[in-house]
Protein chains: 2
Amino acid sequence: MNVGDREPLIRDPVVVKLVEVWRPVWALSYASSLLGWDARTYMPRKAAPERGVARAELSVLSRRLLLSREVKALLEVAEKRVELLNLYEAGVVRVLRREIDISEKLPEDFVYNFNKLVEEAASVWEQAKAKSDFKMFQPYLEKIVEMARKEAEYLGYEGHPYNALLDLYEEGLRIDDVDNMFNTIIPESKKVLEKVLSEGYYPQKHELERREYDKEKMREANVKILNLLGYPWERARMDVSAHPFTTKIGMYDVRITTWYPEIDGAPRDFKRSLYAVIHEFGHALYELQVDERLAMTPVASANSLGIHESQSRFWENIVGRSMEFTGLIKPILDETIGITKEYTVEELYKYFNIVTPSLIRVEADEVTYNMHIYLRYVIEKKLIEGSLSVSELPQVWNDMMEELLGVRPKNDREGVLQDVHWSLGSIGYFPTYSLGNVVSAQVKAALEKDLGELPDLISRGEEGIVEIKNWLREKIHKYGSTLKPRDIVKRATGEEYNPKYFVEYLYKKYVRR
Amino acid sequence: MNVGDREPLIRDPVVVKLVEVWRPVWALSYASSLLGWDARTYMPRKAAPERGVARAELSVLSRRLLLSREVKALLEVAEKRVELLNLYEAGVVRVLRREIDISEKLPEDFVYNFNKLVEEAASVWEQAKAKSDFKMFQPYLEKIVEMARKEAEYLGYEGHPYNALLDLYEEGLRIDDVDNMFNTIIPESKKVLEKVLSEGYYPQKHELERREYDKEKMREANVKILNLLGYPWERARMDVSAHPFTTKIGMYDVRITTWYPEIDGAPRDFKRSLYAVIHEFGHALYELQVDERLAMTPVASANSLGIHESQSRFWENIVGRSMEFTGLIKPILDETIGITKEYTVEELYKYFNIVTPSLIRVEADEVTYNMHIYLRYVIEKKLIEGSLSVSELPQVWNDMMEELLGVRPKNDREGVLQDVHWSLGSIGYFPTYSLGNVVSAQVKAALEKDLGELPDLISRGEEGIVEIKNWLREKIHKYGSTLKPRDIVKRATGEEYNPKYFVEYLYKKYVRR
């Protein structure tokens, strides 16, 4: 690869050997990532079932290789010399131990049955959502909750079984952390929302939401904005998919997608395409700025959902939805889609920052977003501890929405059936979204301590953006998954998860403008 | 998959079990195909070295699984009950035995060293070709020839060592077959060429070669022509690459590419894009018409290069370059790229059928193409038997070109350095191209015996094309690699490889018009 003459980061002979014998597992995950990306972008429609079989075979193979005697024996040797290892080598040992432990704790037939269940459940969910019929999905969700509880038992936990599931998605995250987070941000978000709604500076809707745009011109705008952000096309791509996502295939192959959603038969509300790009750029940048010397090792990929989301949200909201960034990209939008020409930067900024209580999580703004997550968190915890039954869900969901945001779903499609996560068996995942928001603001505060005010940096254009990127690389990105999420936050910001920065951010932007 | 309620083709319990334990090998080749396709279409530039490592790891893994005790033990059991097996089950046993035997005969370190050599050689060849400097490539080609001779020794052979290499690319093909083929078609092709050149009906160049066209409109034309041919988009794709190719990823995922080559800074000579599409369609159709019940088995893919090429050439030349097909697609070209409007069908037919002695194989017409192959065959055979040294190649090449076609390369780039094959270690591959041409005409004759004259079928448009496709499916395609190439030809045409049909085809089209 391209790592020049720099000293390797992984050089302890035992760890070098360990990475070598583990490399087929890497190759399988490399291939599987491409298969997954392709399935969501270019794969012919009828290829899906066969693709499913291929991926399942590769995943069984990967598990078998990960749990091979050779890998485990070398890992044990490496663990005995952990005091001789540098940070990165120790990271390799830690990550492999965690992966092996999780794989070994979950029996093969349990994993097989769970996968089979969710494959069916995901397709039933899709139909149930289309028909807005929760009853149809209910028996599947009941089984999924039961499996998730069993999963928690297999994995083991201290205190609440939900802790086991949280840890699966965000290493080391516990209910105490999540409670502490929501106890701070939910009441404050409510206050901010009241203030915003009463003041009226930030609109609840905007005429640009209805304006039609040219898809090809918007694609050009997206490319130019990625150029402004320094997206390295020689190592990266942008494609189109039904829902935007980012895939790391390898250190030199990171791909984002965006979308051009249609409303009444035409692409409208261009900010949805734009902010998908900036959000996914944040994810991609994390992977692209991992130290290249970690390529093809177990720590080459950023592995925490929460920290990952903090990076996408940092770029999407904190940078991307600022007045200064709006000023930077307005000329690009003016010369491409053009429909922005008749608006001032401030007016565009308002369109980008519509704040309104809404029913759908993925469309929610910065102020209301975490309430959607909080609702899911409360429900998940109760489901896992058994204090809420699946049949009660629609009622509980709708009541909580009304209490939190003052809006009530008219049907299950815009209520309890809106998200895909549960149908995929992912319980314990949602809190990482709010953790991402909280950490993004904490990162902003730390970055500003070192580099000065973010608005000033952004105003300097490409040069300021490079400074921001360099700071993120040195403080967070370069480690890949060498460090535990908690340790990354501590190292980058000097403190534990601290939700006060997010509250401060909201107040500064929405209350004390 | 989509195989409905039809009885499975593979149902012997031992063979069923064998296919099952072999399935991870299938999954690896499925993944590897996608990695290869992506590398030539969408992969970011800097990803190449890492992609190379991933594919090498998967190939080592695949070899290990293919040669596992489990697969080999079951194969031996299956072989003992071969008289109980149906055609398809016996095909599975035969194909796996052949793959295992070849893998076992070639020592792992030999394969490793050969791969390493050709990886380097391919990149040196590229530079040598750019500089038109054979001396630069010579030491690599010397090593490759040496390795190929060693390969032949490892594989074993009767008679000439080149037989071992021929068999590697076309199971069962021998020097006698190839000599017999060229002894018939080369002298006759020469006669046909003389006649064509003296008569002047088929032009040696055409003004449409220089006409610029709109790339996007040509893409539309290609799509419409594929629609006319009934290309099943729900199982297939068309993309763009530097050189056109076809990949079967799986039974439900077959992908062709085309190109839009530029001359003097603009896309010109649209037939190059068009006939790339029709050629690759022929390859794709073979894979798409394999019996779906063979999906994910060792016989699911057509495995003979020669028979494969017969299908691509059948569609490209015998169907695609006919007057009747020209008539079918002219309206499509008129309404898309438009530059064809001012020409008659016959004039367009002449542009599609330029005949001229030329230096470059891939640009050669039906009449001269096999002379290019014959030259390479003679050289390869001598290199392998040691009666020609690599250093003599440029001289020998140029002399033979002059003798065969009356044209002499001015430099190595348009002479001995033009093809990539040798740099990839592929010696013994070229004859399958001519075999493809010969078999395509043999297939045409057999098809006409059953269905009547091809021109009549083509004139009937989509309905006639469906009849042709159905015949090909039943006679050739549906078997996948169940049968040996030779047996496919016998079954489909009622006789052994017979080059006389190709000669007849040439005479009918070019001499007795």
# chains A, B, ... in the order shown; residues from 1 in each chain; ligands from 1
>>> residues_around(residues="Ile318 (chain B)", least_positions_apart="5", cutoff="9 Å", atoms="only C-alpha atoms", output="PyMOL selection string")
chain B and resi 313+440-441+444+454+505
>>> write_last_selection(atoms="C-alpha atoms", output="mmCIF file, in the first residue's frame")
data_model
loop_
_atom_site.group_PDB
_atom_site.id
_atom_site.type_symbol
_atom_site.label_atom_id
_atom_site.label_comp_id
_atom_site.auth_asym_id
_atom_site.auth_seq_id
_atom_site.Cartn_x
_atom_site.Cartn_y
_atom_site.Cartn_z
ATOM 1 C CA ARG B 313 -19.457 -15.036 -32.205
ATOM 2 C CA SER B 440 -20.395 -20.928 -34.285
ATOM 3 C CA ALA B 441 -20.788 -21.844 -37.959
ATOM 4 C CA LYS B 444 -25.632 -22.276 -37.322
ATOM 5 C CA LEU B 454 -31.398 -18.078 -40.191
ATOM 6 C CA TYR B 505 -20.318 -19.756 -44.098
#
>>> interface_residues(of="chain A", to="chain B", cutoff="6 Å", atoms="only C-alpha atoms", output="VMD selection string")
chain A and resid 24 27 44 to 47 54 57 234 to 236 252 to 253
>>> atom_distance(atom1="CA of Glu158 (chain A)", atom2="CA of Val438 (chain A)")
24.6 Å
>>> closest_atom_pairs(of="region 91-209 of chain A", to="region 421-433 of chain A", cutoff="8 Å", atoms="only C-alpha atoms", output="tab-separated table")
residue	atom	partner	partner_atom	distance
A:Phe114	CA	A:Gly425	CA	7.8
A:Val118	CA	A:Leu424	CA	5.2
A:Glu119	CA	A:Leu424	CA	7.3
A:Ala121	CA	A:Ser423	CA	5.5
A:Ala122	CA	A:Ser423	CA	4.9
A:Trp125	CA	A:Ser423	CA	6.3
A:Tyr140	CA	A:Ser423	CA	7.9
A:Leu141	CA	A:Ser423	CA	6.9
A:Ile144	CA	A:Gly425	CA	6.0
A:Val145	CA	A:Gly425	CA	7.9
A:Ala148	CA	A:Ile427	CA	7.1
A:Tyr162	CA	A:Gly428	CA	7.0
A:Leu165	CA	A:Gly428	CA	5.2
A:Leu166	CA	A:Gly428	CA	4.8
A:Leu168	CA	A:Gly428	CA	7.9
A:Tyr169	CA	A:Tyr429	CA	5.9
A:Glu170	CA	A:Thr432	CA	7.0
A:Val178	CA	A:Pro431	CA	7.1
>>> atom_distance(atom1="CA of Ser322 (chain A)", atom2="CA of Leu457 (chain A)")
11.6 Å
>>> residues_around(residues="region 182-197 of chain B", least_positions_apart="5", cutoff="8 Å", atoms="only C-alpha atoms", output="list of chain:residue names")
B:Tyr202, B:Gln204, B:Val355, B:Thr356, B:Val367, B:Thr368, B:Asn370, B:Met371, B:Tyr374, B:Leu404, B:Pro499, B:Lys500, B:Phe502, B:Val503, B:Leu506, B:Tyr507, B:Tyr510, B:Val511
>>> atom_distance(atom1="CA of His243 (chain B)", atom2="CA of Trp259 (chain B)")
6.6 Å
>>> select_by_dssp(residues="region 244-341 of chain A", states="alpha helix (DSSP H)", output="PyMOL selection string")
chain A and resi 271-288+305-313+323-335
>>> write_last_selection(atoms="C-alpha atoms", output="CSV table (one decimal), in the first residue's frame")
chain,number,residue,atom,x,y,z
A,271,LYS,CA,-31.8,19.5,1.2
A,272,ARG,CA,-32.6,15.9,1.7
A,273,SER,CA,-30.1,14.9,-1.0
A,274,LEU,CA,-27.6,17.5,0.1
A,275,TYR,CA,-27.6,16.6,3.8
A,276,ALA,CA,-27.5,12.9,3.1
A,277,VAL,CA,-24.2,13.6,1.3
A,278,ILE,CA,-22.8,15.6,4.1
A,279,HIS,CA,-23.9,13.1,6.7
A,280,GLU,CA,-22.4,10.2,4.8
A,281,PHE,CA,-19.3,12.2,4.1
A,282,GLY,CA,-18.8,12.4,7.9
A,283,HIS,CA,-18.9,8.7,8.2
A,284,ALA,CA,-16.6,8.2,5.2
A,285,LEU,CA,-14.1,10.7,6.4
A,286,TYR,CA,-13.7,8.7,9.7
A,287,GLU,CA,-12.8,5.6,7.7
A,288,LEU,CA,-10.6,7.5,5.2
A,305,LEU,CA,-21.7,3.2,16.0
A,306,GLY,CA,-21.9,6.1,18.5
A,307,ILE,CA,-18.6,7.7,17.6
A,308,HIS,CA,-19.2,7.1,14.0
A,309,GLU,CA,-22.6,8.9,14.3
A,310,SER,CA,-20.8,11.7,16.1
A,311,GLN,CA,-18.7,12.3,13.0
A,312,SER,CA,-21.6,12.2,10.5
A,313,ARG,CA,-23.7,14.5,12.8
A,323,MET,CA,-24.8,29.9,8.6
A,324,GLU,CA,-21.2,30.0,7.5
A,325,PHE,CA,-21.3,26.7,5.6
A,326,THR,CA,-24.6,27.8,4.0
A,327,GLY,CA,-22.6,30.8,2.8
A,328,LEU,CA,-19.9,28.5,1.4
A,329,ILE,CA,-22.1,26.3,-0.6
A,330,LYS,CA,-24.7,28.8,-1.8
A,331,PRO,CA,-22.6,29.7,-4.9
A,332,ILE,CA,-22.4,26.0,-5.8
A,333,LEU,CA,-26.1,25.6,-5.5
A,334,ASP,CA,-26.8,28.8,-7.4
A,335,GLU,CA,-24.7,27.6,-10.4
>>> residues_around(residues="Gly464 (chain A)", least_positions_apart="6", cutoff="12 Å", atoms="only C-alpha atoms", output="PDB file with C-alpha atoms, in the first residue's frame")
ATOM      1  CA  LEU A 228     -15.018  21.495  -1.257  1.00  0.00           C
ATOM      2  CA  LEU A 229     -14.812  19.026   1.634  1.00  0.00           C
ATOM      3  CA  GLY A 230     -11.776  17.388   0.003  1.00  0.00           C
ATOM      4  CA  VAL A 319     -20.732  22.217  10.247  1.00  0.00           C
ATOM      5  CA  GLU A 324     -21.182  29.970   7.482  1.00  0.00           C
ATOM      6  CA  PHE A 325     -21.328  26.651   5.624  1.00  0.00           C
ATOM      7  CA  LEU A 328     -19.875  28.548   1.380  1.00  0.00           C
ATOM      8  CA  LEU A 451      -8.499  25.773  16.894  1.00  0.00           C
ATOM      9  CA  GLY A 452     -10.788  28.672  17.836  1.00  0.00           C
ATOM     10  CA  GLU A 453     -14.431  29.195  16.942  1.00  0.00           C
ATOM     11  CA  LEU A 454     -15.847  26.816  14.349  1.00  0.00           C
ATOM     12  CA  PRO A 455     -17.735  29.545  12.438  1.00  0.00           C
ATOM     13  CA  ASP A 456     -14.409  31.309  11.820  1.00  0.00           C
ATOM     14  CA  LEU A 457     -12.801  28.083  10.600  1.00  0.00           C
ATOM     15  CA  ILE A 458     -15.692  27.321   8.241  1.00  0.00           C
ATOM     16  CA  ASN A 470      -6.597  17.317  10.516  1.00  0.00           C
ATOM     17  CA  TRP A 471      -7.753  17.840  14.089  1.00  0.00           C
TER      18      TRP A 471
END
>>> closest_residue(among="B:Thr297, B:Ser123, B:Ser434, B:Gln442", to="Met181 (chain B)", atoms="only C-alpha atoms")
B:Ser434
>>> residues_around(residues="Arg94 (chain A)", least_positions_apart="6", cutoff="9 Å", atoms="only C-alpha atoms", output="list of chain:residue names")
A:Glu79, A:Thr482, A:Leu483
>>> closest_residue(among="A:Arg408, A:Lys350, A:Arg321, A:Arg293", to="Glu89 (chain A)", atoms="only C-alpha atoms")
A:Arg293
>>> residues_around(residues="Ser358 (chain A)", least_positions_apart="6", cutoff="10 Å", atoms="only C-alpha atoms", output="number ranges by chain")
A: 204, 364-365, 368-369, 372, 401, 405-409, 414
>>> write_last_selection(atoms="N, CA and C atoms", output="tab-separated table (two decimals), in the first residue's frame")
chain	number	residue	atom	x	y	z
A	204	GLN	N	-41.29	26.41	10.47
A	204	GLN	CA	-41.79	25.03	10.60
A	204	GLN	C	-41.96	24.37	9.22
A	364	ALA	N	-36.57	14.15	11.34
A	364	ALA	CA	-36.60	15.07	12.47
A	364	ALA	C	-35.39	16.00	12.46
A	365	ASP	N	-35.60	17.20	13.02
A	365	ASP	CA	-34.54	18.20	13.11
A	365	ASP	C	-33.69	17.99	14.36
A	368	THR	N	-35.64	18.16	17.87
A	368	THR	CA	-36.61	17.12	18.24
A	368	THR	C	-36.08	15.69	18.07
A	369	TYR	N	-34.97	15.54	17.35
A	369	TYR	CA	-34.50	14.21	16.98
A	369	TYR	C	-34.36	13.27	18.19
A	372	HIS	N	-37.31	11.31	19.63
A	372	HIS	CA	-37.66	10.09	18.91
A	372	HIS	C	-36.84	8.90	19.44
A	401	MET	N	-45.50	9.77	22.01
A	401	MET	CA	-45.27	10.80	21.00
A	401	MET	C	-46.03	12.06	21.36
A	405	LEU	N	-43.86	15.27	22.02
A	405	LEU	CA	-43.80	16.22	20.91
A	405	LEU	C	-45.15	16.86	20.57
A	406	GLY	N	-46.19	16.38	21.25
A	406	GLY	CA	-47.49	16.98	20.99
A	406	GLY	C	-48.11	16.59	19.67
A	407	VAL	N	-47.58	15.52	19.05
A	407	VAL	CA	-48.20	15.04	17.81
A	407	VAL	C	-48.53	13.56	17.99
A	408	ARG	N	-49.56	13.09	17.31
A	408	ARG	CA	-50.02	11.72	17.50
A	408	ARG	C	-50.17	11.02	16.14
A	409	PRO	N	-49.47	9.89	15.95
A	409	PRO	CA	-49.58	9.17	14.67
A	409	PRO	C	-51.02	8.79	14.40
A	414	GLU	N	-46.85	5.52	10.37
A	414	GLU	CA	-46.12	6.71	10.82
A	414	GLU	C	-45.88	6.66	12.33
>>> residues_around(residues="Tyr213 (chain A)", least_positions_apart="5", cutoff="9 Å", atoms="only C-alpha atoms", output="VMD selection string")
chain A and resid 218 266 to 270 337 to 339
>>> decode(residues="region 94-108 of chain A", atoms="N, CA and C atoms", output="PDB file, in the first residue's frame")
ATOM      1  N   ARG A  94      -7.115  -6.630  21.757  1.00  0.00           N
ATOM      2  CA  ARG A  94      -8.396  -6.361  22.405  1.00  0.00           C
ATOM      3  C   ARG A  94      -9.571  -6.618  21.455  1.00  0.00           C
ATOM      4  N   VAL A  95      -9.485  -6.101  20.230  1.00  0.00           N
ATOM      5  CA  VAL A  95     -10.580  -6.232  19.274  1.00  0.00           C
ATOM      6  C   VAL A  95     -10.814  -7.704  18.907  1.00  0.00           C
ATOM      7  N   LEU A  96      -9.735  -8.448  18.669  1.00  0.00           N
ATOM      8  CA  LEU A  96      -9.906  -9.862  18.313  1.00  0.00           C
ATOM      9  C   LEU A  96     -10.487 -10.650  19.484  1.00  0.00           C
ATOM     10  N   ARG A  97     -10.018 -10.349  20.693  1.00  0.00           N
ATOM     11  CA  ARG A  97     -10.560 -11.044  21.871  1.00  0.00           C
ATOM     12  C   ARG A  97     -12.048 -10.798  21.996  1.00  0.00           C
ATOM     13  N   ARG A  98     -12.452  -9.544  21.818  1.00  0.00           N
ATOM     14  CA  ARG A  98     -13.875  -9.210  21.926  1.00  0.00           C
ATOM     15  C   ARG A  98     -14.683  -9.947  20.852  1.00  0.00           C
ATOM     16  N   GLU A  99     -14.198  -9.943  19.621  1.00  0.00           N
ATOM     17  CA  GLU A  99     -14.929 -10.606  18.538  1.00  0.00           C
ATOM     18  C   GLU A  99     -15.044 -12.110  18.777  1.00  0.00           C
ATOM     19  N   ILE A 100     -13.951 -12.703  19.210  1.00  0.00           N
ATOM     20  CA  ILE A 100     -13.963 -14.148  19.458  1.00  0.00           C
ATOM     21  C   ILE A 100     -14.897 -14.476  20.619  1.00  0.00           C
ATOM     22  N   ASP A 101     -14.806 -13.676  21.692  1.00  0.00           N
ATOM     23  CA  ASP A 101     -15.670 -13.932  22.855  1.00  0.00           C
ATOM     24  C   ASP A 101     -17.145 -13.852  22.474  1.00  0.00           C
ATOM     25  N   ILE A 102     -17.517 -12.811  21.753  1.00  0.00           N
ATOM     26  CA  ILE A 102     -18.927 -12.676  21.361  1.00  0.00           C
ATOM     27  C   ILE A 102     -19.335 -13.862  20.490  1.00  0.00           C
ATOM     28  N   SER A 103     -18.493 -14.208  19.507  1.00  0.00           N
ATOM     29  CA  SER A 103     -18.810 -15.333  18.622  1.00  0.00           C
ATOM     30  C   SER A 103     -18.956 -16.628  19.406  1.00  0.00           C
ATOM     31  N   GLU A 104     -18.109 -16.805  20.405  1.00  0.00           N
ATOM     32  CA  GLU A 104     -18.156 -18.068  21.160  1.00  0.00           C
ATOM     33  C   GLU A 104     -19.329 -18.119  22.127  1.00  0.00           C
ATOM     34  N   LYS A 105     -19.714 -16.958  22.623  1.00  0.00           N
ATOM     35  CA  LYS A 105     -20.827 -16.955  23.582  1.00  0.00           C
ATOM     36  C   LYS A 105     -22.155 -17.264  22.894  1.00  0.00           C
ATOM     37  N   LEU A 106     -22.294 -16.849  21.634  1.00  0.00           N
ATOM     38  CA  LEU A 106     -23.554 -17.092  20.924  1.00  0.00           C
ATOM     39  C   LEU A 106     -23.472 -18.420  20.172  1.00  0.00           C
ATOM     40  N   PRO A 107     -24.262 -19.427  20.589  1.00  0.00           N
ATOM     41  CA  PRO A 107     -24.182 -20.742  19.941  1.00  0.00           C
ATOM     42  C   PRO A 107     -24.544 -20.646  18.451  1.00  0.00           C
ATOM     43  N   GLU A 108     -23.903 -21.483  17.663  1.00  0.00           N
ATOM     44  CA  GLU A 108     -24.082 -21.429  16.212  1.00  0.00           C
ATOM     45  C   GLU A 108     -25.551 -21.582  15.813  1.00  0.00           C
TER      46      GLU A 108
END
